[in-house]
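S.K.: After the C-alpha cells below, expect a handful of questions from me.
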Amino acid sequence: MKKLINAPERVVGEMLRGMELAHGGLLRLLPENGVVLRADAPVQGKVALVSGGGSGHEPTHGGFVGPGMLDAACAGSVFTSPTPDQMLEATKAVDGGAGVFYVVKNYTGDVLNFEMAGELAEAEGIQTDYVVTNDDVAVEDSTFTSGRRGIAGTIFVHKICGAAADDGKDLAGIKELAEKVNGNVRSMGMALTSCTPPESGEPIFQIGDDEMEIGIGIHGEPGIQRKKIEPADNIVDEMLDKILGDSVDFSGSEVAVMVNGMGGTPLMELYVAYARVADRLKDEGVNVWRMPYVGDYMTSLEMAGFSITLLKLDEEMKGYLAAPCDVAAGRPF
Amino acid sequence: MKKLINAPERVVGEMLRGMELAHGGLLRLLPENGVVLRADAPVQGKVALVSGGGSGHEPTHGGFVGPGMLDAACAGSVFTSPTPDQMLEATKAVDGGAGVFYVVKNYTGDVLNFEMAGELAEAEGIQTDYVVTNDDVAVEDSTFTSGRRGIAGTIFVHKICGAAADDGKDLAGIKELAEKVNGNVRSMGMALTSCTPPESGEPIFQIGDDEMEIGIGIHGEPGIQRKKIEPADNIVDEMLDKILGDSVDFSGSEVAVMVNGMGGTPLMELYVAYARVADRLKDEGVNVWRMPYVGDYMTSLEMAGFSITLLKLDEEMKGYLAAPCDVAAGRPF
Amino acid sequence: MAASMEENRKYLTKLDSEIGDGDHGNNMRRGFAAALERLEGTSPSSPADVLKAVSMALIGKVGGAAGPLYGTAFLRAATVLSGDEVSPEDAASALEAALGGVKQRGKAEVGDKTIVDALTPAVEAAKEVAGSPEATVAAVFRAAAEAAAVGAESTVPLTARKGRASYLGERAQGHRDPGATSTQLLLDAAARSLEGAG
Amino acid sequence: MAASMEENRKYLTKLDSEIGDGDHGNNMRRGFAAALERLEGTSPSSPADVLKAVSMALIGKVGGAAGPLYGTAFLRAATVLSGDEVSPEDAASALEAALGGVKQRGKAEVGDKTIVDALTPAVEAAKEVAGSPEATVAAVFRAAAEAAAVGAESTVPLTARKGRASYLGERAQGHRDPGATSTQLLLDAAARSLEGAG
Ligand SMILES: Nc1ncnc2c1ncn2[C@@H]1O[C@H](COP(=O)(O)OP(=O)(O)O)[C@@H](O)[C@H]1O
Ligand SMILES: Nc1ncnc2c1ncn2[C@@H]1O[C@H](COP(=O)(O)OP(=O)(O)O)[C@@H](O)[C@H]1O
Ligand SMILES: [Mg+2]
Ligand SMILES: [Mg+2]
Ligand SMILES: [Mg+2]
Ligand SMILES: [Mg+2]
C-alpha cells in the first residue's frame with residue numbers, strides 16, 4: 001500500500017489541518033472534533049447546513065463548506081460515519097438561531113449517528129431537521145434492503161439548500177426543498193479498481209484485470225454486479241438506461257448533470273464518458289442545463305471509476321444552483 | 001490495462017469532443033486539428049496565447065482555455081507533442097492582429113514543433129514569440145542535458161500572461177512577463193506509481209510496492225532517483241529543500257503555491273502534504289500569498305504522485321494572478 | 001473486550017471487506033480502546049456506571065453503524081442494573097435490554113444478517129440459564145456467548161437486509177456478518193473474564 | 001519503412017519506456033502509415049517529391065521530438081535530388097543532407113545518445129561505398145544500415161545529453177536509444193526494399 005501519508009491513524013487529522021492552513025479565511029476547524037466550519041460561523045438568522053460522513057471522499061464534504069453551501073462538515077475516519085458528539089459540536093458552532101439542517105447520506109451508520117446527534121441537539125434547545133439522500137439507482141428493491149444509498153447527487157442538495165439558506169429560507173422550507181431535490185435526483189456508479197483505506201492496508205475488494213464492478217457505492221464496498229470490462233460507451237449506456245428508466249421521468253426536462261470521478265480515473269476519461277452522456281441525453285430529448293460538472297467531487301480514495309448524476313430541474317432549483325458560492329472545491333483559478 | 005475508453009486511438013478525439021459538448025459557450029474545437037479554442041476567438045487587438053502538449057495531463061491544457069488564460073490549446077497524442085500544423089491552425093484561428101505568444105514546456109519535442117510552427121506562422125504574416133518554461137529543479141546540471149523540464153509552474157505563466165494579454169499588454173511585454181514568471185518559479189515532482197498510456201497498454205516504468213520515484217516529469221518518464229517510500233513529511237522536505245535551495249531566493253518573499261496531484265493521489269493526501277509545505281514555509285520565513293492551489297492541475301494520467309511549485313511574486317504578478325478568468329479547470333461550483 | 005477487539009481487528013476487517021467497507025475491525029478496536037481508557041481514567045463505582053462509560057466511549061469513538069447500536073446496547077443494559085451486585089437474572093435482563101436497544105435503533109430482525117442474529121439467541125440462552133438455581137453470571141455469559149457464536153455462523157447463508165451488506169443482494173450469501181461476529185467475540189470475552197481466564 | 005515501423009512498434013515502445021515516455025513506437029508507426037497513405041493518394045512523380053511527401057506526413061503526424069527531426073531529414077534529403085534517377089552519389093548526398101538537417105534542428109552531436117549516433121556513421125559508410133565504381137544505391141543503403149546498427153548499439157552505454165533520456169542522468173546507461181534504433185530500422189527497410197527483399 002503506497003500512500004502519501006505519515007501514519008494511517010494521523011491521516012484525517014493532518015488532512016483537516018492542511019485544509020485549514022490552505023483555506024484559512026474561508027474555513028476553520030474544531031480540531032478536537034474533526035469538524036470543518038465556515039470561518040464566519042455562526043451566521044445569525046440563517047438556517048445552518050451541516051453534513052458529514054467518512055473521510056476518503058474529498059472534496060466531499062469539507063470542500064463544500066463555505067458561503068452558499070455548507071456551514072459545517074464532520075469528518076469521520078476513512079469510510080466511517082462521524083459520531084454524534086462531532087455533529088453536536090458542529091451544530092452548536094454554526095447555530096445562528098434559525099435551526100440546523102442535516103444532510104445525511106443513506107448509510108445506516110450515517111443515519112443512526114445523525115439521528116442521535118439530532119436528539120442531543122434538541123436536548124440543548126437547538127431545532128434540527130434532516131434529509132436522508134438516496135439517489136443511487138443501483139439497488140433496485142429497497143424494501144428488502146437498507147434502502148438506496150446516497151451518492152454524488154447529495155452534492156446538489158448541499159448546493160441548492162445552501163443557496164436557499166443564504167436566501168433566507170426557513171428550516172421547514174429547507175426541509176421541503178431538500179426532499180424535492182432528493183426526489184428528483186438519480187445517480188449510478190461503477191468501478192474499475194478497488195481502493196485501499198490507510199488503516200486497513202488492504203484493498204477493499206479484489207477485482208480481476210479485465211473486470212469492472214457496476215453499481216459501486218462510495219465506500220469501496222462491492223457493487224451489485226461484477227462483469228468483464230466493456231467500452232466506455234457501453235458502460236455509460238448501461239448506467240444511463242438505469243437512471244433514465246427509474247422513477248423520475250426526465251424526458252423533455254432540463255437536467256443538471258454530474259460526471260463524477262471516483263479519484264483514480266483521469267479527467268481525460270471522464271470527458272470521453274461525458275461525450276456519450278451528452279449524445280444519449282440528446283437522443284432521449286433530455287436537455288443539459290448550462291455546463292455539466294465533470295471532475296472528482298465525491299471520490300473513494302484512489303478508486304478508478306465514475307458515477308453519473310442527473311437532477312431534474314425546476315426554476316427554483318436552477319436559481320439556487322446558479323447562485324454564487326465560495327467553497328474550496330469550486331475555487332476559480 | 002483498464003481504462004474508461006472506447007478504443008486507444010480514439011481517446012484524444014473523444015476527450016476533446018466531450019470537452020466541447022460540456023463547455024460549449026466557453027470552448028469550441030477545431031476537431032480536424034485537435035485544437036481547443038475559446039469560443040469567442042479571435043479576440044481583436046489582444047495578444048493571443050497558444051499552448052499545448054501531449055494529452056494525458058488534463059486539465060492541462062484544454063482546461064485552461066478561456067477569457068483570462070489561453071486562447072487555444074493544441075492536443076497531441078498521449079504524452080506526444082502536437083505537430084506544427086495543429087499549432088498553425090490554432091494560431092490562425094486566434095490571431096487578433098496583435099501577435100500570438102506560445103507557451104512551450106521545455107521538452108525537445110514541444111520545442112522543435114512549436115519552433116516549426118512559429119516559422120510557418122511568420123511565413124503567413126503572423127507575428128509570434130514564445131517562452132520555453134523550465135521550472136523543474138530535479139535535473140541539476142542542465143549544461144549536459146536538454147535543460148530543465150517545464151512542469152506545473154507553466155500554469156502560472158498561462159494565468160499571468162493571460163491576464164496581462166486581457167489587460168492590453170503587447171507581444172513584447174507578454175514575452176518579458178513570461179520570462180519573468182519563468183525566472184521566478186521553481187517546481188519538483190515525485191511519483192508512487194507509474195501510469196499506462198492507452199496506446200502502449202503497458203506501464204511506462206516498473207516500480208516496486210515499497211518504492212517511490214523522485215524528480216518525476218509529467219510524461220511518465222522515470223525520474224532522477226528511485227528510493228524506498230518515506231513518510232509524506234520527509235518527501236515534502238526533500239522536495240522543498242531542493243526548490244528553496246535552487247537559484248531563486250524565496251526567503252522573506254510572498255509566494256504562490258501549488259500542490260499538484262499527478263492524477264492518482266487522493267485529494268486527502270494532497271492536503272496532508274500541504275500541511276507540511278505550510279509548516280516548512282512558515283519556518284523558512286516564506287509567506288504563502290492568498291490560498292494555495294491544491295488539486296490535480298497538470299496530471300500524468302492515473303499516476304499517483306504530486307509536485308510542489310513555488311512562484312516568487314511581485315505586485316504585477318499578484319495582480320494578474322488575482323484577475324478573474326473563466327476556464328473549465330476553474331469553474332465555480 | 002478491548003483485548004478481544006485488538007486481537008480480532010484483522011478478522012473483523014476481513015469480514016467487513018467481503019460484504020462491507022472494511023472498517024469494522026478498526027472501528028471496534030478504536031471504540032473499545034477508548035472505553036478502556038475512559039474506565040481507567042474515571043474509575044466508575046457501580047456496574048451501571050461502567051456500562052454507561054463504555055456506552056459513551058463507543059458512541060463517541062466507534063462511528064459507523066456499530067457505534068450507535070453497541071452504544072445504545074450498553075446504555076440500555078446499564079439502565080436495568082442498580083446497586084453494586086449483579087445477579088444472573090440481572091445479567092440476562094441487561095442483555096435483553098441491550099437487544100431491545102439494538103432493535104429499536106436499527107429496526108432489524110432475526111434473519112436480516114446483523115448483530116441481531118447473534119444477540120437474539122444469546123439473550124434467549126442467557127435467560128434460560130439465569131432461570132436455573134445454580135446459575136452464575138459467568139455461566140449466563142458463557143451460554144450467551146455460545147449461542148451468539150451459533151447465531152453469527154447462521155448469518156453465513158443469509159441475504160442481508162440491513163446495513164451495507166444489503167446492497168450486495170445475493171452476493172452477500174456465503175459470507176459471515178462482521179457485526180454478528182463482533183457480538184459473539186464481545187460476549188466470549190466477557191465470559192472468559194468472568195470465568196477468570198481473563 | 002512503414003511496414004518496419006509497424007512491425008517494430010512494440011520494440012521501439014519498450015526502448016522509449018525504459019528511458020523515455022513510451023510513445024516513440026506509436027509515433028513512428030502513425031507517421032509512416034500517414035506517409036504511405038499520402039504517397040498512395042498523391043502518386044508523386046520524382047524521388048524528391050516522394051521524400052517531400054513523406055516529410056510533410058511525418059511533420060504532421062509523428063509529433064514529439066522525432067517528428068520535426070525526421071521530417072526535416074526527409075525534406076533536406078529531397079532538396080539534393082533532382083530528376084527521376086538517383087545515383088549512388090545522390091543517395092549518399094541525400095543521407096548527408098538529412099543528417100545536416102537533424103543536427104541543425106536538434107543541435108545534437110555524436111555521443112549525445114540520439115538519432116545522430118546512428119545517422120552519422122551511416123552517412124560515412126554511405127559516402128565510402130558511393131565512392132567506389134561498382135557502387136549501387138542498394139549497396140549504399142545497405143552499408144548505411146549496417147553502420148547505423150552499430151551506431152545505435154553504441155548508444156547503450158552512453159549517458160544521454162539530449163531529449164527525454166537526458167533527465168535520467170546515469171540511469172540512461174545500459175539502455176539503447178529509441179530514436180537511434182528507429183534510424184537503423186528505417187535504413188534497413190530502405191536497403192531491403194532496394195535489394196528486392198521488400
Ligand atoms: N440496522 C442494523 N441493525 C443491527 N445491526 C446492524 C444494522 N446495520 C448494520 N448493522 C451491523 O453493523 C455491522 C457493520 O458495522 P461497521 O462496519 O462498523 O459499520 P458500517 O457499515 O457503517 O461501515 C454489520 O455487520 C451489522 O452487523
Ligand atoms: N536533439 C535531438 N537530436 C537528435 N535526436 C533527438 C534529439 N532529441 C531527441 N532525439 C531522438 O528522439 C527520440 C525520442 O523520440 P520520441 O519518443 O518519438 O519523442 P519524445 O521524446 O518527444 O517522446 C530519442 O530516442 C532520440 O533519438
Ligand atoms: Mg463504515
Ligand atoms: Mg513524447
Ligand atoms: Mg463497515
Ligand atoms: Mg518518447
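Here's how to read the names in the C-alpha cells: chain A, B, ... by the order shown, residue numbers from 1 in each chain, ligand numbers from 1 in the order shown.
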Considering only C-alpha atoms, return as a PyMOL selection string whatever protein or nucleic-acid residues lie within 8 Å of segment 12-29 of chain B, sequence-local ones (same chain, fewer than 4 positions apart) excluded.
M.R.: (chain A and resi 268-276+278+291-292) or (chain B and resi 34-40+55+65-66+75-78+326-328)
S.K.: Present chain D as a short mmCIF file (atom, residue, chain, number, x, y, z; two decimals) with C-alpha atoms, in the first residue's frame, least-squares fitted onto chain C over all of its C-alpha atoms paired in order.
M.R.:
```
data_model
loop_
_atom_site.label_atom_id
_atom_site.label_comp_id
_atom_site.auth_asym_id
_atom_site.auth_seq_id
_atom_site.Cartn_x
_atom_site.Cartn_y
_atom_site.Cartn_z
CA MET D 1 -13.42 -6.94 25.47
CA ALA D 2 -10.89 -4.35 24.38
CA ALA D 3 -8.23 -7.03 24.13
CA SER D 4 -10.54 -9.20 22.07
CA MET D 5 -11.27 -6.32 19.68
CA GLU D 6 -7.52 -5.71 19.39
CA GLU D 7 -6.78 -9.37 18.69
CA ASN D 8 -9.63 -9.77 16.24
CA ARG D 9 -9.23 -6.51 14.38
CA LYS D 10 -7.91 -8.08 11.20
CA TYR D 11 -10.55 -10.79 11.22
CA LEU D 12 -13.38 -8.28 11.54
CA THR D 13 -11.73 -6.11 8.89
CA LYS D 14 -11.68 -9.06 6.55
CA LEU D 15 -15.33 -9.91 7.13
CA ASP D 16 -16.30 -6.27 6.64
CA SER D 17 -14.23 -6.11 3.45
CA GLU D 18 -16.07 -9.02 1.92
CA ILE D 19 -19.51 -7.54 2.42
CA GLY D 20 -18.82 -4.02 3.66
CA ASP D 21 -16.30 -1.21 3.59
CA GLY D 22 -13.54 -2.75 5.62
CA ASP D 23 -13.72 -0.56 8.71
CA HIS D 24 -15.50 -2.67 11.33
CA GLY D 25 -12.30 -4.03 12.84
CA ASN D 26 -10.73 -0.62 13.22
CA ASN D 27 -13.94 0.94 14.47
CA MET D 28 -14.40 -1.66 17.22
CA ARG D 29 -10.75 -1.58 18.24
CA ARG D 30 -10.76 2.18 18.45
CA GLY D 31 -14.03 2.29 20.41
CA PHE D 32 -13.12 -0.31 22.96
CA ALA D 33 -9.64 1.11 23.44
CA ALA D 34 -11.33 4.41 24.21
CA ALA D 35 -13.70 2.64 26.58
CA LEU D 36 -10.76 1.10 28.43
CA GLU D 37 -9.07 4.47 28.68
CA ARG D 38 -12.19 6.08 29.99
CA LEU D 39 -12.67 3.37 32.58
CA GLU D 40 -9.08 3.64 33.72
CA GLY D 41 -9.34 7.38 33.87
CA THR D 42 -12.61 7.68 35.76
CA SER D 43 -12.81 4.51 37.88
CA PRO D 44 -16.59 4.23 37.87
CA SER D 45 -18.09 2.76 40.98
CA SER D 46 -21.08 0.66 40.01
CA PRO D 47 -21.61 -1.84 37.21
CA ALA D 48 -24.19 0.55 35.69
CA ASP D 49 -21.63 3.33 35.67
CA VAL D 50 -19.14 1.04 33.98
CA LEU D 51 -21.63 0.23 31.23
CA LYS D 52 -22.59 3.89 30.80
CA ALA D 53 -18.95 4.89 30.48
CA VAL D 54 -18.41 2.19 27.87
CA SER D 55 -21.56 3.32 26.08
CA MET D 56 -20.39 6.90 25.86
CA ALA D 57 -16.96 5.89 24.64
CA LEU D 58 -18.46 3.68 21.96
CA ILE D 59 -20.89 6.33 20.76
CA GLY D 60 -18.11 8.85 20.65
CA LYS D 61 -15.44 6.74 19.02
CA VAL D 62 -16.71 3.79 17.03
CA GLY D 63 -18.51 5.59 14.26
CA GLY D 64 -20.34 3.76 11.52
CA ALA D 65 -23.40 1.66 12.09
CA ALA D 66 -21.93 -0.24 15.01
CA GLY D 67 -21.27 2.86 17.13
CA PRO D 68 -24.86 3.91 17.86
CA LEU D 69 -26.01 0.29 17.97
CA TYR D 70 -23.47 -0.99 20.49
CA GLY D 71 -23.54 2.33 22.33
CA THR D 72 -27.27 2.07 22.81
CA ALA D 73 -26.91 -1.57 23.77
CA PHE D 74 -24.55 -0.76 26.63
CA LEU D 75 -26.65 2.20 27.71
CA ARG D 76 -29.85 0.17 27.90
CA ALA D 77 -28.03 -2.60 29.75
CA ALA D 78 -26.90 -0.02 32.27
CA THR D 79 -30.47 1.13 32.91
CA VAL D 80 -31.62 -2.24 34.27
CA LEU D 81 -28.75 -2.54 36.76
CA SER D 82 -28.76 -0.94 40.16
CA GLY D 83 -26.50 -1.34 43.11
CA ASP D 84 -23.11 -2.96 43.18
CA GLU D 85 -24.04 -6.57 42.67
CA VAL D 86 -25.19 -8.23 39.51
CA SER D 87 -27.20 -11.38 39.79
CA PRO D 88 -27.61 -13.94 37.00
CA GLU D 89 -31.12 -12.61 36.41
CA ASP D 90 -29.74 -9.07 36.25
CA ALA D 91 -27.22 -10.18 33.66
CA ALA D 92 -29.89 -11.76 31.49
CA SER D 93 -32.11 -8.69 31.83
CA ALA D 94 -29.23 -6.46 30.89
CA LEU D 95 -28.60 -8.49 27.76
CA GLU D 96 -32.28 -8.39 26.94
CA ALA D 97 -32.36 -4.61 27.35
CA ALA D 98 -29.30 -4.35 25.16
CA LEU D 99 -31.02 -6.31 22.42
CA GLY D 100 -34.07 -4.11 22.76
CA GLY D 101 -31.95 -1.03 22.22
CA VAL D 102 -30.26 -2.48 19.16
CA LYS D 103 -33.59 -3.45 17.63
CA GLN D 104 -35.19 -0.14 18.40
CA ARG D 105 -32.35 1.89 16.83
CA GLY D 106 -31.58 -0.38 13.94
CA LYS D 107 -35.02 -1.85 13.26
CA ALA D 108 -33.53 -5.18 12.29
CA GLU D 109 -34.99 -8.60 12.98
CA VAL D 110 -33.52 -12.07 13.14
CA GLY D 111 -32.64 -13.15 9.60
CA ASP D 112 -31.59 -9.70 8.40
CA LYS D 113 -27.92 -10.67 8.74
CA THR D 114 -26.87 -8.29 11.53
CA ILE D 115 -25.86 -8.03 15.18
CA VAL D 116 -29.42 -9.07 15.96
CA ASP D 117 -28.79 -12.55 14.57
CA ALA D 118 -26.17 -13.15 17.24
CA LEU D 119 -27.65 -11.19 20.11
CA THR D 120 -31.16 -12.68 19.94
CA PRO D 121 -30.17 -16.31 20.59
CA ALA D 122 -27.65 -15.00 23.13
CA VAL D 123 -30.44 -13.38 25.12
CA GLU D 124 -32.62 -16.49 24.97
CA ALA D 125 -29.76 -18.69 26.18
CA ALA D 126 -28.92 -16.19 28.91
CA LYS D 127 -32.48 -16.13 30.21
CA GLU D 128 -32.71 -19.91 30.21
CA VAL D 129 -29.51 -20.35 32.21
CA ALA D 130 -30.38 -17.49 34.54
CA GLY D 131 -33.64 -19.26 35.42
CA SER D 132 -31.85 -22.25 36.89
CA PRO D 133 -30.96 -22.33 40.61
CA GLU D 134 -27.18 -23.02 40.22
CA ALA D 135 -26.82 -20.21 37.70
CA THR D 136 -23.80 -17.92 37.90
CA VAL D 137 -23.21 -14.72 36.00
CA ALA D 138 -20.27 -16.38 34.31
CA ALA D 139 -22.47 -19.24 33.15
CA VAL D 140 -25.06 -16.79 31.83
CA PHE D 141 -22.44 -15.08 29.70
CA ARG D 142 -20.90 -18.36 28.62
CA ALA D 143 -24.29 -19.58 27.39
CA ALA D 144 -24.90 -16.24 25.72
CA ALA D 145 -21.51 -16.38 24.03
CA GLU D 146 -22.03 -19.89 22.73
CA ALA D 147 -25.48 -19.05 21.40
CA ALA D 148 -24.10 -15.89 19.81
CA ALA D 149 -21.45 -17.96 18.07
CA VAL D 150 -24.12 -20.18 16.57
CA GLY D 151 -26.14 -17.11 15.64
CA ALA D 152 -23.19 -15.42 14.00
CA GLU D 153 -22.43 -18.57 12.03
CA SER D 154 -26.08 -18.69 10.98
CA THR D 155 -25.60 -15.40 9.15
CA VAL D 156 -23.35 -17.03 6.55
CA PRO D 157 -26.00 -18.15 4.06
CA LEU D 158 -28.28 -15.17 4.61
CA THR D 159 -29.04 -12.37 2.17
CA ALA D 160 -28.55 -9.12 4.06
CA ARG D 161 -31.49 -6.78 4.53
CA LYS D 162 -29.86 -4.15 6.65
CA GLY D 163 -26.62 -2.25 6.66
CA ARG D 164 -24.03 -2.08 3.96
CA ALA D 165 -24.18 -5.73 3.03
CA SER D 166 -27.76 -5.31 1.86
CA TYR D 167 -26.58 -3.57 -1.32
CA LEU D 168 -24.90 -6.77 -2.39
CA GLY D 169 -28.08 -8.76 -2.74
CA GLU D 170 -27.37 -12.45 -3.09
CA ARG D 171 -23.63 -11.78 -3.30
CA ALA D 172 -23.67 -11.40 0.48
CA GLN D 173 -24.59 -15.08 0.82
CA GLY D 174 -21.74 -17.26 1.92
CA HIS D 175 -20.14 -14.50 3.98
CA ARG D 176 -20.28 -14.12 7.75
CA ASP D 177 -21.67 -10.86 9.07
CA PRO D 178 -18.98 -8.74 10.78
CA GLY D 179 -21.29 -7.18 13.38
CA ALA D 180 -22.76 -10.51 14.44
CA THR D 181 -19.21 -11.77 14.76
CA SER D 182 -18.07 -8.92 16.96
CA THR D 183 -21.14 -9.56 19.13
CA GLN D 184 -20.03 -13.17 19.60
CA LEU D 185 -16.45 -12.08 20.33
CA LEU D 186 -17.53 -9.49 22.90
CA LEU D 187 -19.74 -11.95 24.74
CA ASP D 188 -16.97 -14.54 24.71
CA ALA D 189 -14.51 -12.02 26.12
CA ALA D 190 -16.95 -11.15 28.87
CA ALA D 191 -17.49 -14.81 29.66
CA ARG D 192 -13.76 -15.54 29.81
CA SER D 193 -13.20 -12.56 32.01
CA LEU D 194 -15.87 -13.72 34.43
CA GLU D 195 -14.54 -17.28 34.30
CA GLY D 196 -11.21 -15.91 35.43
CA ALA D 197 -9.44 -16.82 32.20
CA GLY D 198 -9.09 -13.05 31.58
#
```
S.K.: Give me, as a ChimeraX atom specification, all polymer residues having an atom no more than 7 Å from Gly153 of chain A, counting only C-alpha atoms and skipping those fewer than 2 positions away in the same chain.
M.R.: /A:135,151,155-156,185-187,309
S.K.: Keeping only N, CA, C and O atoms, write those residues as a short mmCIF file (atom, residue, chain, number, x, y, z; two decimals), in the first residue's frame.
M.R.:
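Output file again35.cif is given in full below:
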```cif
data_model
loop_
_atom_site.label_atom_id
_atom_site.label_comp_id
_atom_site.auth_asym_id
_atom_site.auth_seq_id
_atom_site.Cartn_x
_atom_site.Cartn_y
_atom_site.Cartn_z
N ASP A 135 -29.98 8.81 -3.78
CA ASP A 135 -30.08 8.97 -5.23
C ASP A 135 -29.59 7.76 -6.04
O ASP A 135 -29.83 7.70 -7.25
N ILE A 151 -25.35 9.04 -2.91
CA ILE A 151 -24.04 9.24 -3.52
C ILE A 151 -23.92 10.67 -4.06
O ILE A 151 -24.33 11.61 -3.36
N ILE A 155 -24.57 16.16 -3.41
CA ILE A 155 -23.89 17.44 -3.54
C ILE A 155 -24.85 18.50 -4.07
O ILE A 155 -24.77 19.67 -3.71
N PHE A 156 -25.79 18.08 -4.92
CA PHE A 156 -26.78 19.04 -5.40
C PHE A 156 -27.69 19.49 -4.26
O PHE A 156 -28.13 20.63 -4.22
N VAL A 185 -33.42 13.57 -8.08
CA VAL A 185 -32.06 13.28 -8.49
C VAL A 185 -31.81 11.78 -8.51
O VAL A 185 -32.26 11.06 -7.61
N ARG A 186 -31.12 11.31 -9.57
CA ARG A 186 -30.82 9.89 -9.68
C ARG A 186 -29.39 9.72 -10.16
O ARG A 186 -28.91 10.46 -11.03
N SER A 187 -28.71 8.72 -9.59
CA SER A 187 -27.29 8.51 -9.87
C SER A 187 -26.97 7.03 -9.99
O SER A 187 -27.75 6.18 -9.54
N THR A 309 -24.83 11.48 -12.47
CA THR A 309 -25.96 12.00 -11.71
C THR A 309 -26.79 12.91 -12.61
O THR A 309 -26.23 13.77 -13.30
#
```
S.K.: Quote the spacing between atom CA of Ala164 of chain B and atom CA of Lys312 of chain B in Å to one decimal place.
M.R.: 17.4 Å
S.K.: Please indicate the distance in Å from atom CA of Asp246 of chain A to atom 26 (C, counted along the ligand's line) of ligand 1, rounded to one decimal place.
M.R.: 28.6 Å
S.K.: Neighbours of Pro59 of chain B within 7 Å (only C-alpha atoms; same-chain residues fewer than 5 positions away dropped), as a PyMOL selection string?
M.R.: (chain A and resi 267) or (chain B and resi 297-298+329)
S.K.: DSSP on the backbone, alpha helix (DSSP H) only: what residues of segment 11-191 of chain D does that give? Format it as a PyMOL selection string.
M.R.: chain D and resi 11-19+24-42+47-61+66-79+88-106+115-130+137-153+178-191
S.K.: If you run DSSP on the backbone, which residues of segment 8-220 of chain A are strand (DSSP E), as JSON, numbers by chain?
M.R.: {"A": [27, 28, 29, 30, 35, 36, 37, 38, 48, 49, 50, 51, 52, 53, 54, 55, 72, 73, 74, 75, 76, 77, 78, 100, 101, 102, 103, 104, 105, 128, 129, 130, 131, 132, 133, 185, 186, 187, 188, 189, 190, 191, 211, 212, 213, 214]}
S.K.: Using atom CA of Asn33 of chain B and atom CA of Ser51 of chain B as the two end points, give the distance in Å to one decimal.
M.R.: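 Here the two named atoms are 13.9 Å from each other.
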S.K.: If we count only C-alpha atoms and set the cut-off at 9 Å, which residues sit around Asn6 of chain B, ignoring sequence neighbours fewer than 6 positions away in its own chain? Please answer as a compact mmCIF listing (two decimals) with C-alpha atoms, in the first residue's frame.
M.R.:
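Once everything was written out, this is result31.txt:
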```
# COMPACT_ATOMS: atom_id res chain seq x y z
CA GLU A 230 -16.61 -3.01 -21.69
CA PRO A 231 -16.03 0.09 -23.81
CA ALA A 232 -16.88 3.37 -22.12
CA ASP A 233 -19.92 3.96 -24.35
CA ASN A 234 -21.46 0.66 -23.30
CA VAL A 272 -14.74 10.52 -23.01
CA GLU B 14 -13.41 11.70 -27.88
```
S.K.: Can you list every residue of chain A that has an atom at most 10 Å from ligand 1, with its nearest atom pair and the distance in Å to one decimal, using only C-alpha atoms and all ligand atoms, ordered by chain then number, as a tab-separated table?
M.R.:
```
residue	atom	partner	partner_atom_place_in_ligand_line	distance
A:Gly53	CA	ligand 1	22 (O)	9.9
A:Gly54	CA	ligand 1	22 (O)	9.1
A:Val78	CA	ligand 1	23 (O)	9.8
A:Phe79	CA	ligand 1	23 (O)	6.9
A:Thr80	CA	ligand 1	23 (O)	5.8
A:Ser81	CA	ligand 1	22 (O)	6.2
A:Pro82	CA	ligand 1	22 (O)	9.7
A:Tyr107	CA	ligand 1	22 (O)	6.8
A:Thr108	CA	ligand 1	8 (N)	5.6
A:Gly109	CA	ligand 1	22 (O)	4.2
A:Asp110	CA	ligand 1	22 (O)	7.1
A:Val111	CA	ligand 1	22 (O)	9.4
A:Leu112	CA	ligand 1	1 (N)	8.8
A:Asn113	CA	ligand 1	22 (O)	9.7
A:Thr145	CA	ligand 1	1 (N)	9.9
A:Ser146	CA	ligand 1	1 (N)	7.6
A:His219	CA	ligand 1	23 (O)	8.3
A:Glu221	CA	ligand 1	23 (O)	9.1
```
S.K.: Just want the 7 Å neighbourhood of Ser300 of chain B, counted on only C-alpha atoms, with same-chain residues fewer than 5 positions away dropped. Output as a list in words.
M.R.: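 Those residues are Gly56, His57, Ile218, His219, Gly220, Met262 and Gly263 of chain B.
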